[in-house]
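File shown here: target_3.txt, holding compact mmCIF, C-alpha atoms.
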# COMPACT_ATOMS: atom_id res chain seq x y z
CA MET A 5 143.56 264.12 32.59
CA ALA A 6 145.66 262.20 35.11
CA ASP A 7 142.59 260.46 36.47
CA SER A 8 141.83 259.02 33.06
CA LYS A 9 145.19 257.28 32.82
CA PRO A 10 144.50 253.59 32.23
CA LEU A 11 145.63 251.15 34.90
CA LEU A 12 147.88 248.12 34.68
CA SER A 13 146.73 247.08 31.21
CA ARG A 14 148.68 249.92 29.55
CA GLY A 15 150.10 252.45 31.96
CA GLY A 16 151.20 249.92 34.54
CA ASP A 17 150.62 252.36 37.39
CA PRO A 18 150.33 250.33 40.62
CA MET A 19 149.56 253.46 42.64
CA ALA A 20 146.54 254.18 40.47
CA ALA A 21 145.46 250.55 40.72
CA GLU A 22 145.69 250.64 44.50
CA ALA A 23 143.77 253.91 44.69
CA LEU A 24 140.98 252.53 42.50
CA LEU A 25 140.68 249.31 44.48
CA ARG A 26 140.66 251.12 47.83
CA ASP A 27 137.88 253.35 46.56
CA VAL A 28 135.90 250.38 45.23
CA PHE A 29 136.34 248.45 48.49
CA GLY A 30 135.13 251.54 50.31
CA ILE A 31 132.02 251.65 48.15
CA VAL A 32 131.42 247.94 48.75
CA VAL A 33 131.69 248.38 52.51
CA ASP A 34 129.41 251.43 52.57
CA GLU A 35 126.81 250.43 50.01
CA ILE A 36 126.63 246.64 50.44
CA ILE A 37 127.99 245.63 53.82
CA TRP A 38 126.45 248.54 55.74
CA LYS A 39 123.45 249.75 53.73
CA GLY A 40 122.78 246.44 52.02
CA THR A 41 122.31 244.67 55.35
CA SER A 42 120.32 247.45 57.02
CA ALA A 43 116.61 246.88 57.56
CA SER A 44 116.06 250.63 57.14
CA GLU A 45 117.24 250.48 53.52
CA LYS A 46 115.44 249.04 50.50
CA VAL A 47 115.95 245.46 49.36
CA CYS A 48 115.89 246.65 45.76
CA GLU A 49 115.44 249.79 43.68
CA TRP A 50 113.06 248.52 41.01
CA LYS A 51 113.30 249.96 37.51
CA GLU A 52 111.71 248.80 34.28
CA PRO A 53 114.24 247.31 31.82
CA GLU A 54 114.38 250.21 29.37
CA GLU A 55 114.77 252.79 32.13
CA LEU A 56 117.45 250.66 33.79
CA LYS A 57 119.40 250.39 30.54
CA GLN A 58 119.49 254.17 30.32
CA LEU A 59 120.49 254.63 33.95
CA LEU A 60 123.36 252.16 33.64
CA ASP A 61 124.58 253.35 30.23
CA LEU A 62 125.51 249.80 29.22
CA GLU A 63 126.97 250.61 25.79
CA LEU A 64 130.65 249.71 25.37
CA ARG A 65 132.66 252.36 23.51
CA SER A 66 136.09 252.67 21.94
CA GLN A 67 137.33 255.27 24.45
CA GLY A 68 137.94 254.53 28.11
CA GLU A 69 136.50 256.49 31.03
CA PRO A 70 138.20 258.29 33.95
CA ARG A 71 138.40 256.76 37.42
CA GLU A 72 135.62 258.85 38.95
CA GLN A 73 133.26 257.72 36.21
CA ILE A 74 134.23 254.11 36.84
CA LEU A 75 133.50 254.54 40.55
CA GLU A 76 130.09 255.96 39.68
CA ARG A 77 129.50 252.88 37.51
CA CYS A 78 130.23 250.70 40.54
CA ARG A 79 127.82 252.70 42.69
CA ALA A 80 125.09 252.41 40.05
CA VAL A 81 125.57 248.66 39.72
CA ILE A 82 125.16 248.27 43.48
CA ARG A 83 122.26 250.70 43.74
CA TYR A 84 120.10 248.94 41.18
CA SER A 85 121.02 245.37 42.16
CA VAL A 86 118.95 243.28 44.53
CA LYS A 87 120.53 243.19 47.99
CA THR A 88 120.45 239.47 48.71
CA CYS A 89 122.26 240.20 51.97
CA HIS A 90 119.31 242.26 53.20
CA PRO A 91 117.38 240.89 56.22
CA ARG A 92 114.12 241.23 54.26
CA PHE A 93 115.32 239.21 51.26
CA PHE A 94 113.50 235.87 51.54
CA ASN A 95 113.23 235.15 47.83
CA GLN A 96 115.69 232.30 47.28
CA LEU A 97 117.25 229.37 49.09
CA PHE A 98 120.26 231.60 49.80
CA SER A 99 120.52 234.96 51.53
CA GLY A 100 122.70 236.92 53.93
CA LEU A 101 126.31 238.02 53.95
CA ASP A 102 129.07 236.26 55.83
CA PRO A 103 132.18 238.47 56.14
CA HIS A 104 134.57 235.51 56.24
CA ALA A 105 133.06 233.97 53.11
CA LEU A 106 133.24 237.35 51.39
CA ALA A 107 136.88 237.67 52.43
CA GLY A 108 137.52 234.26 50.91
CA ARG A 109 135.94 235.29 47.63
CA ILE A 110 138.01 238.50 47.51
CA VAL A 111 141.18 236.44 47.99
CA THR A 112 140.30 233.86 45.34
CA GLU A 113 139.24 236.48 42.79
CA SER A 114 142.44 238.44 43.42
CA LEU A 115 144.61 235.35 42.98
CA ASN A 116 142.60 234.50 39.85
CA THR A 117 143.75 230.91 39.57
CA SER A 118 142.01 227.86 38.19
CA GLN A 119 141.67 224.71 40.19
CA TYR A 120 142.78 221.99 37.82
CA THR A 121 146.35 221.18 38.82
CA TYR A 122 148.39 221.25 42.02
CA GLU A 123 151.12 223.27 40.33
CA ILE A 124 148.92 226.37 39.86
CA ALA A 125 146.51 225.90 42.80
CA PRO A 126 148.41 223.95 45.50
CA VAL A 127 146.65 225.58 48.46
CA PHE A 128 143.18 225.14 47.05
CA VAL A 129 143.63 221.55 45.86
CA LEU A 130 144.56 220.50 49.39
CA MET A 131 141.89 222.74 50.91
CA GLU A 132 139.09 221.34 48.74
CA GLU A 133 140.18 217.81 49.63
CA GLU A 134 139.98 218.61 53.35
CA VAL A 135 136.61 220.36 53.13
CA LEU A 136 135.09 217.50 51.14
CA LYS A 137 136.50 214.95 53.60
CA THR A 138 134.89 216.81 56.49
CA LEU A 139 131.57 217.12 54.66
CA ARG A 140 131.58 213.38 53.93
CA ALA A 141 132.24 212.66 57.60
CA LEU A 142 129.14 214.67 58.54
CA VAL A 143 126.97 212.16 56.67
CA GLY A 144 128.90 209.16 57.98
CA TRP A 145 131.14 208.37 55.01
CA SER A 146 134.73 207.42 55.80
CA SER A 147 135.86 207.50 52.17
CA GLY A 148 134.77 208.83 48.81
CA ASP A 149 135.50 211.46 46.23
CA GLY A 150 134.02 214.73 45.09
CA VAL A 151 134.44 218.20 43.65
CA PHE A 152 132.85 221.59 44.22
CA CYS A 153 130.39 222.30 41.41
CA PRO A 154 128.99 225.64 40.17
CA GLY A 155 125.55 224.70 41.50
CA GLY A 156 122.99 222.00 42.15
CA SER A 157 122.00 221.60 38.50
CA ILE A 158 125.54 220.72 37.43
CA SER A 159 125.88 218.44 40.47
CA ASN A 160 122.78 216.51 39.39
CA MET A 161 124.13 216.21 35.85
CA TYR A 162 127.35 214.79 37.28
CA ALA A 163 125.28 212.21 39.17
CA VAL A 164 123.43 211.13 36.03
CA ASN A 165 126.63 210.89 34.00
CA LEU A 166 128.49 208.96 36.70
CA ALA A 167 125.63 206.49 37.16
CA ARG A 168 125.44 205.90 33.41
CA TYR A 169 129.21 205.38 33.20
CA ARG A 170 129.17 203.02 36.19
CA ARG A 171 126.57 200.85 34.46
CA TYR A 172 127.94 201.15 30.91
CA PRO A 173 131.58 202.37 30.98
CA ASP A 174 131.91 201.83 27.23
CA CYS A 175 129.56 204.77 26.62
CA LYS A 176 132.43 207.15 27.26
CA ARG A 177 134.08 205.92 24.07
CA ARG A 178 131.16 204.74 21.94
CA GLY A 179 128.52 207.22 23.04
CA LEU A 180 124.78 206.55 22.91
CA ARG A 181 125.15 203.66 20.45
CA ALA A 182 126.63 201.65 23.30
CA LEU A 183 123.46 201.99 25.35
CA PRO A 184 120.13 200.21 25.53
CA PRO A 185 117.08 202.29 26.52
CA LEU A 186 117.80 203.59 30.02
CA ALA A 187 115.53 204.63 32.85
CA LEU A 188 116.26 206.91 35.77
CA PHE A 189 113.84 207.52 38.61
CA THR A 190 113.11 210.64 40.58
CA SER A 191 110.29 212.13 42.58
CA GLU A 192 107.62 214.36 41.09
CA GLU A 193 109.01 216.94 43.55
CA CYS A 194 112.52 216.72 42.11
CA HIS A 195 114.55 219.66 40.86
CA TYR A 196 113.97 220.46 37.20
CA SER A 197 117.67 219.91 36.48
CA ILE A 198 117.14 216.13 36.45
CA LYS A 199 115.15 216.33 33.22
CA LYS A 200 117.46 219.00 31.83
CA GLY A 201 120.42 216.76 32.60
CA ALA A 202 118.81 213.80 30.87
CA ALA A 203 118.24 215.93 27.77
CA PHE A 204 121.74 217.42 27.89
CA LEU A 205 123.39 214.00 28.21
CA GLY A 206 121.46 212.57 25.28
CA LEU A 207 119.21 210.26 27.29
CA GLY A 208 116.09 212.27 26.54
CA THR A 209 113.48 213.44 29.00
CA ASP A 210 111.39 210.31 28.32
CA SER A 211 114.05 208.31 30.16
CA VAL A 212 113.08 210.09 33.40
CA ARG A 213 110.44 208.08 35.24
CA VAL A 214 108.57 210.28 37.72
CA VAL A 215 107.79 208.58 41.03
CA LYS A 216 104.77 209.68 43.04
CA ALA A 217 105.21 211.71 46.21
CA ASP A 218 103.00 211.70 49.27
CA GLU A 219 101.03 214.69 50.56
CA ARG A 220 104.17 216.11 52.20
CA GLY A 221 106.25 215.87 49.01
CA LYS A 222 108.26 212.75 49.90
CA MET A 223 109.01 210.04 47.36
CA ILE A 224 106.85 206.94 47.88
CA PRO A 225 109.19 203.89 47.92
CA GLU A 226 106.40 201.51 46.91
CA ASP A 227 105.75 203.51 43.76
CA LEU A 228 109.48 203.57 43.05
CA GLU A 229 109.49 199.77 43.20
CA ARG A 230 106.48 199.68 40.86
CA GLN A 231 108.08 202.08 38.39
CA ILE A 232 111.33 200.11 38.29
CA SER A 233 109.46 196.87 37.56
CA LEU A 234 107.40 198.60 34.88
CA ALA A 235 110.52 199.99 33.18
CA GLU A 236 112.09 196.54 33.12
CA VAL A 237 108.97 195.03 31.57
CA GLU A 238 109.08 197.75 28.90
CA GLY A 239 112.67 196.82 28.02
CA ALA A 240 114.44 199.76 29.69
CA VAL A 241 117.43 199.33 31.98
CA PRO A 242 117.12 201.11 35.35
CA PHE A 243 120.42 202.77 36.25
CA LEU A 244 119.79 205.60 38.71
CA VAL A 245 117.46 206.76 41.47
CA SER A 246 117.74 210.45 42.30
CA ALA A 247 116.41 211.21 45.78
CA THR A 248 116.15 214.64 47.38
CA SER A 249 116.99 215.94 50.83
CA GLY A 250 115.09 219.21 51.02
CA THR A 251 112.96 219.75 47.91
CA THR A 252 113.04 223.18 46.34
CA VAL A 253 109.51 224.30 47.18
CA LEU A 254 108.19 222.28 50.11
CA GLY A 255 111.53 221.44 51.71
CA ALA A 256 110.65 217.73 51.85
CA PHE A 257 113.14 214.96 52.63
CA ASP A 258 112.76 211.68 50.76
CA PRO A 259 112.91 208.50 52.92
CA LEU A 260 116.50 207.66 52.01
CA GLU A 261 116.81 204.38 53.91
CA ALA A 262 113.70 202.88 52.32
CA ILE A 263 114.80 204.11 48.89
CA ALA A 264 118.28 202.63 49.44
CA ASP A 265 116.66 199.25 50.18
CA VAL A 266 114.79 199.40 46.87
CA CYS A 267 117.99 200.34 45.05
CA GLN A 268 119.89 197.49 46.63
CA ARG A 269 117.25 194.96 45.61
CA HIS A 270 117.50 196.13 42.00
CA GLY A 271 121.26 196.66 41.85
CA LEU A 272 120.91 200.42 41.45
CA TRP A 273 123.47 201.53 44.01
CA MET A 274 127.19 200.97 44.30
CA HIS A 275 129.98 203.04 45.77
CA VAL A 276 132.98 203.19 43.45
CA ASP A 277 136.17 205.06 44.34
CA ASP A 278 137.88 207.13 41.63
CA LEU A 279 134.78 207.01 39.43
CA LEU A 280 134.95 210.75 38.69
CA LYS A 281 138.32 210.52 36.98
CA HIS A 282 137.48 207.35 35.08
CA CYS A 283 134.23 208.86 33.83
CA HIS A 284 135.42 212.34 32.92
CA GLY A 285 139.16 212.04 32.46
CA SER A 286 140.76 212.79 29.09
CA GLN A 287 144.45 212.77 30.13
CA ALA A 288 145.26 216.00 28.27
CA SER A 289 149.03 215.72 27.78
CA TYR A 290 149.68 219.46 27.98
CA LEU A 291 148.07 219.70 31.40
CA PHE A 292 148.01 216.33 33.17
CA GLN A 293 151.52 215.04 32.47
CA GLN A 294 152.18 211.83 34.36
CA ASP A 295 155.91 212.48 34.91
CA LYS A 296 155.56 215.59 37.06
CA PHE A 297 157.77 216.06 40.11
CA TYR A 298 154.85 215.73 42.56
CA ASP A 299 151.97 213.32 43.16
CA VAL A 300 149.83 213.70 40.03
CA ALA A 301 146.80 212.40 41.92
CA LEU A 302 146.57 215.98 43.18
CA ASP A 303 145.78 217.21 39.67
CA THR A 304 142.02 217.13 40.20
CA GLY A 305 141.05 218.86 36.97
CA ASP A 306 140.64 215.57 35.09
CA LYS A 307 137.74 214.64 37.38
CA VAL A 308 135.49 217.43 36.12
CA VAL A 309 133.83 218.18 32.79
CA GLN A 310 135.22 221.73 32.80
CA CYS A 311 138.80 222.65 32.12
CA GLY A 312 139.09 225.87 34.08
CA ARG A 313 137.30 225.75 37.45
CA ARG A 314 136.94 228.64 39.86
CA VAL A 315 137.94 228.17 43.48
CA ASP A 316 134.84 227.72 45.64
CA CYS A 317 136.24 225.98 48.70
CA LEU A 318 137.95 228.97 50.37
CA LYS A 319 134.65 230.68 51.19
CA LEU A 320 133.40 227.69 53.14
CA TRP A 321 136.79 226.82 54.63
CA LEU A 322 137.42 230.34 55.95
CA MET A 323 133.88 230.61 57.34
CA TRP A 324 134.24 227.18 58.98
CA LYS A 325 137.59 228.18 60.47
CA ALA A 326 136.05 231.34 61.92
CA GLN A 327 132.77 229.84 63.15
CA GLY A 328 133.85 226.32 63.94
CA GLY A 329 131.53 223.38 63.59
CA GLN A 330 129.69 224.48 66.71
CA GLY A 331 129.12 227.96 65.33
CA LEU A 332 127.70 226.59 62.09
CA GLU A 333 125.49 224.22 64.07
CA CYS A 334 124.14 227.18 66.07
CA ARG A 335 123.28 228.95 62.82
CA ILE A 336 121.24 225.98 61.67
CA ASP A 337 119.52 225.66 65.03
CA GLN A 338 118.65 229.37 64.92
CA ALA A 339 117.15 229.01 61.44
CA PHE A 340 114.87 226.22 62.64
CA THR A 341 113.99 228.20 65.79
CA LEU A 342 112.93 231.19 63.69
CA THR A 343 111.00 228.93 61.34
CA ARG A 344 108.99 227.57 64.27
CA TYR A 345 108.46 231.10 65.58
CA LEU A 346 107.16 232.30 62.20
CA VAL A 347 104.72 229.39 61.96
CA LYS A 348 103.50 230.00 65.50
CA GLU A 349 102.89 233.69 64.79
CA MET A 350 101.11 232.92 61.51
CA LYS A 351 98.65 230.72 63.35
CA LYS A 352 97.77 233.62 65.64
CA ARG A 353 96.80 235.92 62.79
CA GLU A 354 93.79 235.99 60.55
CA GLY A 355 94.59 235.75 56.87
CA PHE A 356 97.57 233.37 56.96
CA GLU A 357 97.05 229.77 55.88
CA LEU A 358 99.84 227.20 55.84
CA VAL A 359 100.13 224.93 52.82
CA MET A 360 101.52 222.35 55.28
CA GLU A 361 103.51 222.20 58.47
CA PRO A 362 107.14 222.81 57.44
CA GLU A 363 109.75 220.08 57.74
CA PHE A 364 112.65 222.32 56.84
CA VAL A 365 113.22 226.11 56.72
CA ASN A 366 110.78 226.50 53.81
CA VAL A 367 107.50 227.96 55.07
CA CYS A 368 104.81 227.70 52.39
CA PHE A 369 101.64 229.69 52.95
CA TRP A 370 98.83 231.71 51.44
CA PHE A 371 97.97 235.23 52.47
CA VAL A 372 94.18 235.42 52.34
CA PRO A 373 93.13 239.07 51.92
CA PRO A 374 90.10 240.51 53.74
CA SER A 375 87.79 240.14 50.72
CA LEU A 376 88.35 236.35 50.57
CA ARG A 377 88.24 235.44 54.24
CA GLY A 378 85.44 233.06 55.10
CA LYS A 379 84.66 232.44 51.42
CA GLN A 380 86.49 229.15 50.94
CA GLU A 381 83.30 227.55 49.60
CA SER A 382 82.91 230.08 46.77
CA PRO A 383 83.40 228.47 43.34
CA ASP A 384 86.01 231.03 42.29
CA TYR A 385 87.86 231.12 45.64
CA SER A 386 90.96 229.24 44.48
CA GLU A 387 91.21 231.21 41.26
CA ARG A 388 91.00 234.54 43.10
CA LEU A 389 93.40 233.42 45.84
CA ALA A 390 95.99 232.42 43.21
CA LYS A 391 96.10 236.04 42.02
CA VAL A 392 97.01 237.43 45.45
CA ALA A 393 100.66 236.36 45.70
CA PRO A 394 101.72 237.80 42.30
CA LEU A 395 100.05 241.11 43.12
CA LEU A 396 101.61 241.35 46.56
CA LYS A 397 105.00 240.40 45.09
CA GLU A 398 104.74 243.28 42.63
CA ARG A 399 103.86 245.72 45.39
CA MET A 400 106.67 244.68 47.72
CA VAL A 401 109.30 244.71 44.97
CA LYS A 402 108.28 248.12 43.62
CA GLU A 403 108.35 249.53 47.15
CA GLY A 404 111.60 247.69 47.88
CA SER A 405 110.33 246.61 51.29
CA MET A 406 111.03 242.87 50.97
CA MET A 407 111.13 239.96 48.54
CA ILE A 408 109.44 236.56 48.90
CA GLY A 409 109.14 233.91 46.21
CA TYR A 410 105.82 232.40 45.12
CA GLN A 411 104.71 229.58 42.86
CA PRO A 412 101.83 227.23 42.06
CA HIS A 413 102.32 223.62 43.02
CA GLY A 414 100.36 220.75 41.52
CA THR A 415 96.69 221.58 41.92
CA LYS A 416 97.43 224.31 44.46
CA GLY A 417 97.31 227.91 43.28
CA ASN A 418 100.08 230.44 43.85
CA PHE A 419 101.39 230.56 47.41
CA PHE A 420 104.39 232.16 49.07
CA ARG A 421 107.55 230.20 49.88
CA MET A 422 109.37 231.91 52.70
CA VAL A 423 112.94 230.66 53.26
CA VAL A 424 114.61 231.25 56.63
CA ALA A 425 118.28 231.15 55.59
CA ASN A 426 119.96 234.44 56.50
CA PRO A 427 121.98 233.92 59.72
CA ALA A 428 121.38 237.56 60.69
CA LEU A 429 117.58 237.18 60.88
CA THR A 430 115.74 237.86 64.13
CA GLN A 431 112.18 237.52 65.41
CA ALA A 432 111.68 241.17 64.47
CA ASP A 433 112.26 240.26 60.82
CA MET A 434 109.63 237.53 61.04
CA ASP A 435 107.19 239.99 62.58
CA PHE A 436 107.96 242.52 59.85
CA LEU A 437 107.17 239.98 57.15
CA LEU A 438 103.73 239.30 58.60
CA ASN A 439 102.98 242.96 59.23
CA GLU A 440 104.14 243.98 55.77
CA LEU A 441 101.96 241.40 54.02
CA GLU A 442 99.00 242.62 56.04
CA ARG A 443 99.77 246.23 55.08
CA LEU A 444 100.31 245.46 51.38
CA GLY A 445 97.17 243.35 51.18
CA GLN A 446 94.76 245.27 53.36
CA ASP A 447 92.82 246.68 50.38
CA LEU A 448 92.51 243.39 48.50
Could you render the structure from this file as structure tokens?
Amino acid sequence: MADSKPLLSRGGDPMAAEALLRDVFGIVVDEIIWKGTSASEKVCEWKEPEELKQLLDLELRSQGEPREQILERCRAVIRYSVKTCHPRFFNQLFSGLDPHALAGRIVTESLNTSQYTYEIAPVFVLMEEEVLKTLRALVGWSSGDGVFCPGGSISNMYAVNLARYRRYPDCKRRGLRALPPLALFTSEECHYSIKKGAAFLGLGTDSVRVVKADERGKMIPEDLERQISLAEVEGAVPFLVSATSGTTVLGAFDPLEAIADVCQRHGLWMHVDDLLKHCHGSQASYLFQQDKFYDVALDTGDKVVQCGRRVDCLKLWLMWKAQGGQGLECRIDQAFTLTRYLVKEMKKREGFELVMEPEFVNVCFWFVPPSLRGKQESPDYSERLAKVAPLLKERMVKEGSMMIGYQPHGTKGNFFRMVVANPALTQADMDFLLNELERLGQDL
């Protein structure tokens, strides 16, 4: 069959390659960009794992498949994937679909380069430098260094490693034997990657000293001071304080100025240019030759722990070019406006109870079903209320109507964490969320 002729890997047929890609792009536009962002479509098509395996036919075989079958594979992948671009997807700290960012990702994936040297990624090395410079300026820094990381967890691990190297640079060569017992400090509301990073880097999770947070989830500077003094008495060397601007669940912002004062008193903060390269550099002679015909400072790959690094800056750069700083600012303002609207509407309705007034775009709340209303004094009230969010989550996912995350937190039982992040959201989406929870929970 002509349609089964392999593409560039063997047959080298550019016409067939173009036809396939045009068809795939058409499917993406129809099934993701149009249907995936439509409120009239499902957020997800839930299937149990064994059924999903059968529907996808995941087995890899020795013989290839024709083009039409490959296109059906693409449709199936999209159909059974969660549509994070959907206006009723509130499950994570990310959501929505920006066409300019998507265009950037298509370009970078098509170019398929790796961002470690200027010679193979000249555009993106300069672009990343410019984006990072602009981001630093937003927080008031006139100088500095940085790289795009795969995510927040890796970024936090970079921070731990850099702080350790800044305090004990010999550890790069001698390893853990060059170190005394170390102590790093973070809030009890911190991201779990801090402890994972400490374990991964050989410090051990016991080196992480957890600082108390107040009732709104903010680090308490006085307890930080106490913990630092206690660590010193115990013979550990404080080397890092990890503060958070927008905690994962509550969206709390630590008091950075007060924390910075504590760090300064204990010598726990210092800005050092070029620390990334000193800490992570290995000067691989086959890649980072020092006698190249251009400025080798542009070979940024020696600053990172990876070798190959995907291009992440084009998505943000292209979106920023299209929206401008003012456009991005309007998006943020709109997110906060919708957050306030949602909270206001919750307070008008019976059955919605805020965990606290939101500081950010995280709205944490309980849905109290009819059977539990007015029974807060019952001895099993908290236990029964904690079972509501998981049950409602199951119902909404299996219907595909929306997705909201939930979690317990400290002594508080399961509650919903609604995140207002999608720039396409409207007041109608906020109203839908409240109405849908009432509908799903009316018999509870």
- Item | Expected residue set, 10 Å radius at (92.2, 232.9, 57.3), all atoms listed in the file, as a list in words |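 Residues close enough to count: Met350, Lys351, Arg353, Glu354, Gly355, Phe356, Glu357, Leu358, Trp370, Phe371, Val372, Pro373, Pro374, Leu376, Arg377, Gly378, Lys379 and Gln380 of chain A.
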- Non-local contacts of stretch 260-270 of chain A (9 Å; all atoms listed in the file; under 6 positions in same chain excluded) as a PyMOL selection string: chain A and resi 223-226+228-229+232+242+244-245+247-249
Could you take the residues named above and write them with C-alpha atoms, as a PDB file, keeping the file's coordinate frame?
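And here is the file that came out, again03.pdb:
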ATOM      1  CA  MET A 223     109.010 210.040  47.360  1.00  0.00           C
ATOM      2  CA  ILE A 224     106.850 206.940  47.880  1.00  0.00           C
ATOM      3  CA  PRO A 225     109.190 203.890  47.920  1.00  0.00           C
ATOM      4  CA  GLU A 226     106.400 201.510  46.910  1.00  0.00           C
ATOM      5  CA  LEU A 228     109.480 203.570  43.050  1.00  0.00           C
ATOM      6  CA  GLU A 229     109.490 199.770  43.200  1.00  0.00           C
ATOM      7  CA  ILE A 232     111.330 200.110  38.290  1.00  0.00           C
ATOM      8  CA  PRO A 242     117.120 201.110  35.350  1.00  0.00           C
ATOM      9  CA  LEU A 244     119.790 205.600  38.710  1.00  0.00           C
ATOM     10  CA  VAL A 245     117.460 206.760  41.470  1.00  0.00           C
ATOM     11  CA  ALA A 247     116.410 211.210  45.780  1.00  0.00           C
ATOM     12  CA  THR A 248     116.150 214.640  47.380  1.00  0.00           C
ATOM     13  CA  SER A 249     116.990 215.940  50.830  1.00  0.00           C
TER      14      SER A 249
END
- Message: Around the point (120.3, 240.3, 52.5) (coordinates from the file), which residues reach within 9 Å if we count only C-alpha atoms? Answer as a list in words.
- Response: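 Selection result: Gly40, Thr41, Ser42, Val47, Val86, Lys87, Thr88, Cys89, His90, Pro91, Arg92, Phe93, Phe94, Ser99, Gly100, Leu101, Asn426 and Ala428 of chain A.
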- Query: Pick the closest to A:Ser118 from A:Arg443, A:His282, A:Arg313, A:His413: which is it, counting only C-alpha atoms?
  - Reply: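 Of all the options, A:Arg313 lies closest to A:Ser118.
The interatomic distance for the pair atom CA of A:Ala339 and atom CA of A:Val424 works out to 5.9 Å.
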- Query: Between A:Asp61, A:Glu35, A:Glu349, A:Asp447, which one has atoms that come closest to A:Gln73, using only C-alpha atoms?
  - Reply: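 Ranked by minimum distance to A:Gln73, first place goes to A:Asp61.
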